[in-house]
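Working notes for the structure below.
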There are 4 protein chains.
Amino acid sequence: MTSPERVLTFSPVSQQQKSAEEEIANQYAAVRKQTEVLAAPLSAEDQMVQSCAEASPTKWHLAHTSWFFETFILSQRVPGHRPFDQRFQSLFNSYYNSLGPQPEKALRNTFSRPSLDEVMDYRHHVDEHVLGMLRAGDVPDETLKLVELGSNHEQQHQELIVTDIKHAFWTSPLRPAYHNVPQPVGQAGIAQKLQAYAEGLREIGAVPDSFCFDNEAPRHKVFIPGFRLATRLVTCGEYLSFMEDRGYSRPELWLSDGWKVVQTHGWTAPLYWEKSPMGEWRQFTLAGTRRVEENEPVCHVSLYEADAFARWAGARLPTEFEWELAASQCKVDGNLLERGVLHPRAAKAAAGQSLLQMFGDVWEWTASAYLPYPGYKPAEGALGEYNGKFMSNQMVLPRM
Amino acid sequence: MTSPERVLTFSPVSQQQKSAEEEIANQYAAVRKQTEVLAAPLSAEDQMVQSCAEASPTKWHLAHTSWFFETFILSQRVPGHRPFDQRFQSLFNSYYNSLGPQPEKALRNTFSRPSLDEVMDYRHHVDEHVLGMLRAGDVPDETLKLVELGSNHEQQHQELIVTDIKHAFWTSPLRPAYHNVPQPVGQAGIAQKLQAYAEGLREIGAVPDSFCFDNEAPRHKVFIPGFRLATRLVTCGEYLSFMEDRGYSRPELWLSDGWKVVQTHGWTAPLYWEKSPMGEWRQFTLAGTRRVEENEPVCHVSLYEADAFARWAGARLPTEFEWELAASQCKVDGNLLERGVLHPRAAKAAAGQSLLQMFGDVWEWTASAYLPYPGYKPAEGALGEYNGKFMSNQMVLPRM
Amino acid sequence: MTSPERVLTFSPVSQQQKSAEEEIANQYAAVRKQTEVLAAPLSAEDQMVQSCAEASPTKWHLAHTSWFFETFILSQRVPGHRPFDQRFQSLFNSYYNSLGPQPEKALRNTFSRPSLDEVMDYRHHVDEHVLGMLRAGDVPDETLKLVELGSNHEQQHQELIVTDIKHAFWTSPLRPAYHNVPQPVGQAGIAQKLQAYAEGLREIGAVPDSFCFDNEAPRHKVFIPGFRLATRLVTCGEYLSFMEDRGYSRPELWLSDGWKVVQTHGWTAPLYWEKSPMGEWRQFTLAGTRRVEENEPVCHVSLYEADAFARWAGARLPTEFEWELAASQCKVDGNLLERGVLHPRAAKAAAGQSLLQMFGDVWEWTASAYLPYPGYKPAEGALGEYNGKFMSNQMVLPRM
Amino acid sequence: MTSPERVLTFSPVSQQQKSAEEEIANQYAAVRKQTEVLAAPLSAEDQMVQSCAEASPTKWHLAHTSWFFETFILSQRVPGHRPFDQRFQSLFNSYYNSLGPQPEKALRNTFSRPSLDEVMDYRHHVDEHVLGMLRAGDVPDETLKLVELGSNHEQQHQELIVTDIKHAFWTSPLRPAYHNVPQPVGQAGIAQKLQAYAEGLREIGAVPDSFCFDNEAPRHKVFIPGFRLATRLVTCGEYLSFMEDRGYSRPELWLSDGWKVVQTHGWTAPLYWEKSPMGEWRQFTLAGTRRVEENEPVCHVSLYEADAFARWAGARLPTEFEWELAASQCKVDGNLLERGVLHPRAAKAAAGQSLLQMFGDVWEWTASAYLPYPGYKPAEGALGEYNGKFMSNQMVLPRM
């Protein structure tokens, strides 16, 4: 059970004095820069590591996001564009069968060539041409939309860079830290409450006229029965109570498939948790290994663990519709990438806000399978493979 | 991706002159008899075969259905009941962890003991005591409901007996036939049409006061957008067109997970289909191997194949709600178990019916993941494991 | 690491008043009878069980041994012979690729058809024709040799029947007993000693003019350095000392491949051993589960366990040449099949014999890989597949 | 079936005017230098690649060979030695259980830390201390022997560096070349002949007083029947004849285990061979992909392929004893590492030599299982794990 996302992208309000091309160019440049900032603490060797078949090396992410712009924009929409390297067309294709065969995903850690330096040259080559095109102006609207899509696509890979390097460094015996951001100790907590929502016929999906991924459309009506939603994330302390109540030893709390996984892999705690020789629970973070903080949100739990915890707590996971309804009424603010923390923080009371931590901190499991919205249509051509073909065997994880 | 069912059971109208105990006893006796009728063509050796880990031997089904009555009714609700054999309590437990450990499912084909004769004795012992209890009268309503559940449970296993022996005989090199029912040749077809349904807020789930499995409740409101549903099942002829159009060679038609399966297993046709040396498609049935009939419904396709076919045909699978809405407006009639055919038949026009083949013939794939209805509550105790814990990684297959 | 045999067959001295045909017919009849005696305690259902891919159902052994005679003798050397059932030619072919494709070995437990009754008819049909041919006399020497080979082949399968049904009944949750032979309790032991053998150039391999399998020839010279051999088998008590000395927890005692197996499978004792709730070691035998007897030979240990035990004991396994040299000087006597015990017994002192238990009781691991003797030539035709193609990845287990 | 070696090391004749310490120091320095020369063409990223679980990254080889000297000499025999980094003691332990746990082998490609620069510092730190110890003189003989062992150990890893990077670059989609050594085209061939050897009792194993690995001792007597050995290696042209004669499609040519591998993996040619779109066979070498040269020795065939080829050719593989007997009569000369070719070359007639290519070019399969020599004793302590524990499931590949 892996974890796709249904990304709810709320477009920033823009001052309309800038041209569409300028706006898109600024977004593009900012996103591209951000990716390189994320990769900066990593050596060329670090950027080679692929610690499991589901992850990718950082260098691959740097290259693939560039490939996306070159393949779908420069090669198709900029007359006379010459690819940086013909061989990259296949090499950095992730999963687009209609563009031809791709290297087996699990072997991305054999790509010592091209070197990181060459990949950075590739990035800059692509940047130069994309920005050149945008600055020349008079770009068709459809092309602008593709650049916007490419920038959002690259943001998805920013998350993957962070996720994948965490697993890579966890797997590497020396357990290096990615950065030295100090982690607060003894954060205060806040009581869990339930917020009620009345039943009703609701509109779900992206609002027209703002950017969205194809799987967020079309907007459509869903009847949502009344429900109550927890006002903050589940904490490590609460999860420890579940563990101490023999949560990992009681089949009645688990989905059948989940129980099999627990037994097969001998799970006794979330990923990245370890008991110290002194019996203290510790967790590996991008800032190194540290004590489990009681009031921090628990993270890196699988769907099965989230579901079992909820059953133990006399609750259930929200549906994607419940989650979206609640989130759409919240202000977009939280422990986001921009803060540079890269780890969830304890909830803090906020004036005028009853529902906390809906944005930032962690991805959140829902009880909804990842399926097409009524009337969903994938894009024409190769981009039709972007999302639609993955709509099976996954659950929705909304993300802001 | 396996295939659970959300069973929509429409209770037969009953003449109320019989006592509740009599009614339940009659139903019980009829169901128990039917199981033995289904097993009758099979030798003790046939009833040992378990051709894959997902299937079970016939003898095991005969025993487990009896175990269900003994465990949940006789042992718990009949004072002084002595089990037929203490060892069967664990031996024939399928998956109820709260009743203790069970043998590994894949090893059911090692159960040469007890013999089929002993299992039949076990059945009769259970029958005697269940019917004795019912005939004594004054049975608490809750117990009656358990007998009714057990009878419906046994009907589920009747389907499994037929499904599993088909795979067993397909796997056995001599490919024996289960029965000699003649199969019609050259059945006429009927044109595919689409029937329209208006959008609306609908009631979904079992109607109170009739029997249902716990996963069919509670009845609840769902908003269903307008849709059009094919008026008959997809035929083998239509599926052959998909195959001839290179359906199994075009990744763009498949879910990503499905395409991996196609490539890994080299799928080129539905399960049980084989090309004869003369190049003619043939299929294995319970009546032996025969030509693929153009106008018969195609069956034994996986979700991935059904989904790919639908995409190829410019359609999609219905949701479980769409299917249920349409089915609830149809008369319960069709090529059901009672006809003894055990194979789908070509659709036939029926007076006053535009939607055909909604009952009988085959199970039908939907595009809905198998998830709890809003407000779903599993039963108390061990029976809480009946359905709820399987609500992950499966799609709904409604069945009448 | 599985366990082939290099079978050392010492021909019985025969009184030459009988014709060669008579002798061979008598041997044939006795062997065929013995197989049926071994199968007699098993029901048709028991004879269906195949508890792992390496084992075969008893019914299959009954059929395959008949197939051997029909395929290599009746069909090829008896003009006009009509096979009992054409389909059996492929169905009961074990591994002879030159005779065409065979069913996958792991699926032999799906052969509910033919029934046991039909297989017994097949056996009797083959017996009738083989004995008819022999009794008609004037049989070419080469054909007689094939009947002798077939009888020895069937004796190999007698061992497999016993080995396989033991595993089948061990796997079956009810753990039935194959027979009720009483097992002696508290058998006395005998001290382990070492018998010395001088170095020398020895003759190894079958003596010409007596029956042998092709892998036992040709007789050839081997230089064997001086060595000392234990005078009786390793006992359960000695093996328990190894276990109590943490034998299964000390990597330094194990071959690297063996240590991986120990860790992967969590081995802590030989196959068929279990600790009772009272902490007593018990073992499953063909006569049911019973206490581990201290002075009985330990059995069902893998090569890795035997090798680790030897290292722990400051010894090593003998080579096949050492073993054969020692065995060739012993009288052929011991706890053999004819005694009906089917379980090893404690060693007993025997007048005039210093080396005990070389025949009967158990197969014995050697330190020799199973490789062709110098000058080894497989037979012509399909029988060339009998042994030669298995000469890799196995160790020699001599057997009498 | 993997491929250990029984290395026959013929010590170079030394001019005795140097002290033992000087000699060993020179050997040490030369070997250490050679390793770095081999790694020089590879970037830090190249040195991260581990393309299969059996291989290791170059960087790991550089570190582990240093670890060997630090662990077995500096830490144990140089009072007051401070390890370069305490964490390396476990990190670069390959398989010595008695020194504590080791990282899982398949995860060596996650070792981005330490960096290549740090590993080179580690190497130089070790070099400084080992050479310092040797230059100080008065080194116990046992310690000198350990340095000699460490140097030979490092030479084994030099072979692995070359072997592993070849597989790494083959797996990497861009198929980079390791070096640009020109490969001769159209090399002339030389006729295959057979050289006869008389039977006799021979001495096998290392001659005392020269360096050897523990598995090459003790020297012992083996009776070798008369045999004839091919005078040069099998060529690609001969192997192509085998392929064209349907060698990969005829089960009768293969060991049973080999045939399974052929079918499971769809083998049709040796590793690193590919058919070009024009139908020409090409092979990947360390100098890139090039045409298969008819008269070059075939290489990268598995034991199963070598065995099948031999059977097809009416021959068999030599035993390790036959090979050693023949090799011991040859002059040590050939296409060795020093020539920098790193690829086999066609045999050339040489004055006074009938047997060609016994040294250099390729490793050669024998028909002998890798088993201890009579009287074999592993070293005391952790070094006892060097060879002995791998003496199972492998065949001997002698090497010069």
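Residues in the structure tokens are numbered from 1 in each chain, the chains being A, B, ... in the order shown, and ligands are numbered from 1 in the order shown.
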
Compile a residue-level contact table for chain C against chain D at a cut-off of 10 Å, reporting for every qualifying residue the shortest atom pair and its distance in Å to one decimal, with only C-alpha atoms counted, rows ordered by chain and ascending number, as a tab-separated table.
residue	atom	partner	partner_atom	distance
C:Met1	CA	D:Asn393	CA	7.6
C:Tyr95	CA	D:Ser256	CA	9.0
C:Tyr96	CA	D:Glu252	CA	9.3
C:Asn97	CA	D:Pro251	CA	6.8
C:Ser98	CA	D:Glu252	CA	7.2
C:Leu201	CA	D:Phe223	CA	7.7
C:Arg202	CA	D:Phe223	CA	9.7
C:His220	CA	D:Pro225	CA	8.5
C:Lys221	CA	D:Phe223	CA	7.0
C:Val222	CA	D:Phe223	CA	5.7
C:Phe223	CA	D:Phe223	CA	5.4
C:Ile224	CA	D:Val222	CA	8.1
C:Pro225	CA	D:Pro374	CA	7.5
C:Gly226	CA	D:Pro374	CA	9.6
C:Phe227	CA	D:Pro374	CA	9.6
C:Arg250	CA	D:Asn97	CA	9.2
C:Pro251	CA	D:Asn97	CA	6.7
C:Glu252	CA	D:Ser98	CA	7.1
C:Leu253	CA	D:Lys389	CA	8.8
C:Trp254	CA	D:Lys389	CA	6.8
C:Leu255	CA	D:Lys389	CA	4.3
C:Ser256	CA	D:Lys389	CA	5.1
C:Asp257	CA	D:Phe390	CA	7.3
C:Gly258	CA	D:Ser392	CA	9.0
C:Trp259	CA	D:Lys389	CA	9.4
C:Leu303	CA	D:Ser392	CA	9.9
C:Tyr304	CA	D:Ser392	CA	9.4
C:Thr319	CA	D:Pro374	CA	9.6
C:Ala367	CA	D:Leu371	CA	7.9
C:Ser368	CA	D:Leu371	CA	7.8
C:Ala369	CA	D:Ala369	CA	6.2
C:Tyr370	CA	D:Ala369	CA	8.7
C:Leu371	CA	D:Ser368	CA	7.8
C:Pro372	CA	D:Ala367	CA	9.0
C:Pro374	CA	D:Pro225	CA	7.5
C:Gly375	CA	D:Pro225	CA	9.2
C:Gly381	CA	D:Glu252	CA	9.6
C:Ala382	CA	D:Glu252	CA	9.0
C:Gly384	CA	D:Glu252	CA	8.7
C:Glu385	CA	D:Glu252	CA	7.7
C:Asn387	CA	D:Ser256	CA	9.8
C:Gly388	CA	D:Leu255	CA	7.7
C:Lys389	CA	D:Leu255	CA	4.3
C:Phe390	CA	D:Ser256	CA	5.7
C:Met391	CA	D:Leu255	CA	7.1
C:Ser392	CA	D:Leu255	CA	7.3
C:Asn393	CA	D:Asn393	CA	5.8
C:Gln394	CA	D:Asn393	CA	7.9
C:Met395	CA	D:Asn393	CA	9.2

Please identify all polymer residues within 10 Å of Trp273 in chain B, counting only C-alpha atoms, omitting same-chain residues fewer than 4 positions from it, and present them as a PDB file with N, CA and C atoms, in the first residue's frame.
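Generated file (around01.pdb):
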ATOM      1  N   THR B 268      -1.984 -12.951 -22.472  1.00  0.00           N
ATOM      2  CA  THR B 268      -2.446 -12.610 -23.827  1.00  0.00           C
ATOM      3  C   THR B 268      -3.932 -12.889 -24.005  1.00  0.00           C
ATOM      4  N   ALA B 269      -4.571 -13.429 -22.995  1.00  0.00           N
ATOM      5  CA  ALA B 269      -5.989 -13.794 -23.097  1.00  0.00           C
ATOM      6  C   ALA B 269      -6.507 -14.019 -21.686  1.00  0.00           C
ATOM      7  N   TRP B 281      -9.626 -20.084 -30.633  1.00  0.00           N
ATOM      8  CA  TRP B 281      -9.647 -19.871 -29.188  1.00  0.00           C
ATOM      9  C   TRP B 281     -10.632 -20.822 -28.541  1.00  0.00           C
ATOM     10  N   ARG B 282     -10.167 -21.487 -27.496  1.00  0.00           N
ATOM     11  CA  ARG B 282     -10.996 -22.421 -26.746  1.00  0.00           C
ATOM     12  C   ARG B 282     -10.934 -22.035 -25.278  1.00  0.00           C
ATOM     13  N   GLN B 283     -11.978 -22.427 -24.535  1.00  0.00           N
ATOM     14  CA  GLN B 283     -11.917 -22.137 -23.109  1.00  0.00           C
ATOM     15  C   GLN B 283     -12.320 -23.343 -22.294  1.00  0.00           C
ATOM     16  N   PHE B 284     -11.661 -23.447 -21.131  1.00  0.00           N
ATOM     17  CA  PHE B 284     -11.969 -24.538 -20.219  1.00  0.00           C
ATOM     18  C   PHE B 284     -13.177 -24.145 -19.380  1.00  0.00           C
ATOM     19  N   THR B 285     -14.168 -25.039 -19.308  1.00  0.00           N
ATOM     20  CA  THR B 285     -15.354 -24.798 -18.480  1.00  0.00           C
ATOM     21  C   THR B 285     -15.558 -26.000 -17.568  1.00  0.00           C
ATOM     22  N   THR B 289     -13.412 -28.544 -22.084  1.00  0.00           N
ATOM     23  CA  THR B 289     -12.900 -27.499 -22.970  1.00  0.00           C
ATOM     24  C   THR B 289     -13.754 -27.415 -24.227  1.00  0.00           C
ATOM     25  N   ARG B 290     -14.075 -26.204 -24.636  1.00  0.00           N
ATOM     26  CA  ARG B 290     -14.943 -26.016 -25.808  1.00  0.00           C
ATOM     27  C   ARG B 290     -14.597 -24.715 -26.511  1.00  0.00           C
ATOM     28  N   ARG B 291     -15.140 -24.531 -27.682  1.00  0.00           N
ATOM     29  CA  ARG B 291     -14.885 -23.306 -28.440  1.00  0.00           C
ATOM     30  C   ARG B 291     -15.359 -22.087 -27.662  1.00  0.00           C
ATOM     31  N   VAL B 292     -14.681 -20.982 -27.827  1.00  0.00           N
ATOM     32  CA  VAL B 292     -15.166 -19.730 -27.269  1.00  0.00           C
ATOM     33  C   VAL B 292     -16.385 -19.304 -28.069  1.00  0.00           C
ATOM     34  N   HIS B 300     -13.866 -14.586 -16.163  1.00  0.00           N
ATOM     35  CA  HIS B 300     -12.517 -14.836 -15.655  1.00  0.00           C
ATOM     36  C   HIS B 300     -11.508 -13.815 -16.165  1.00  0.00           C
TER      37      HIS B 300
END

*What is the CA of Leu229 in chain A to CA of Glu322 in chain A distance in Å?*
8.3 Å

*From a DSSP pass on the backbone, collect the residues of range 84-301 of chain D flagged as strand (DSSP E or B) and hand them back as a PyMOL selection string.*
chain D and resi 194-197+200-204+220-224+227-230+235+273-275+281-285+288-291+297

Need the shell around Ala168 in chain B: protein/DNA/RNA residues with any atom at most 6 Å away, counting only C-alpha atoms. Skip same-chain ones fewer than 3 positions apart. Format as a PDB file with N, CA, C and O atoms, in the first residue's frame?
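Full text of result_33.pdb as output:
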ATOM      1  N   SER B  51      -5.377 -25.993  -5.784  1.00  0.00           N
ATOM      2  CA  SER B  51      -4.447 -25.737  -6.890  1.00  0.00           C
ATOM      3  C   SER B  51      -3.709 -24.405  -6.776  1.00  0.00           C
ATOM      4  O   SER B  51      -2.818 -24.132  -7.571  1.00  0.00           O
ATOM      5  N   ILE B 165     -12.911 -25.630  -7.749  1.00  0.00           N
ATOM      6  CA  ILE B 165     -12.749 -26.914  -8.451  1.00  0.00           C
ATOM      7  C   ILE B 165     -12.486 -26.651  -9.935  1.00  0.00           C
ATOM      8  O   ILE B 165     -11.777 -27.417 -10.592  1.00  0.00           O
ATOM      9  N   THR B 171      -5.865 -27.038 -13.586  1.00  0.00           N
ATOM     10  CA  THR B 171      -4.454 -27.234 -13.242  1.00  0.00           C
ATOM     11  C   THR B 171      -4.044 -28.694 -13.404  1.00  0.00           C
ATOM     12  O   THR B 171      -2.913 -28.999 -13.766  1.00  0.00           O
TER      13      THR B 171
END

*Using DSSP on the backbone coordinates, identify all residues within range 25-199 of chain C classified as alpha helix (DSSP H); present the result as a PyMOL selection string.*
chain C and resi 25-39+58-69+75-77+88-91+116-135+141-171

*Separation of CA of Gln34 in chain D from CA of Gln158 in chain D, in Å and rounded to one decimal*: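 Here the two named atoms are 8.1 Å from each other.
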
*Out of C:Pro344, C:Pro270, C:Gly360, C:Gly247, which residue has the shortest atom-to-atom distance to Trp312 in chain C when counting only C-alpha atoms?*
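Of the candidates, the smallest distance to Trp312 in chain C is held by C:Gly247.
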
_Å distance separating CA of Glu22 in chain C from CA of Leu38 in chain C, one decimal place_ =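 Between these atoms lies a distance of 24.3 Å.
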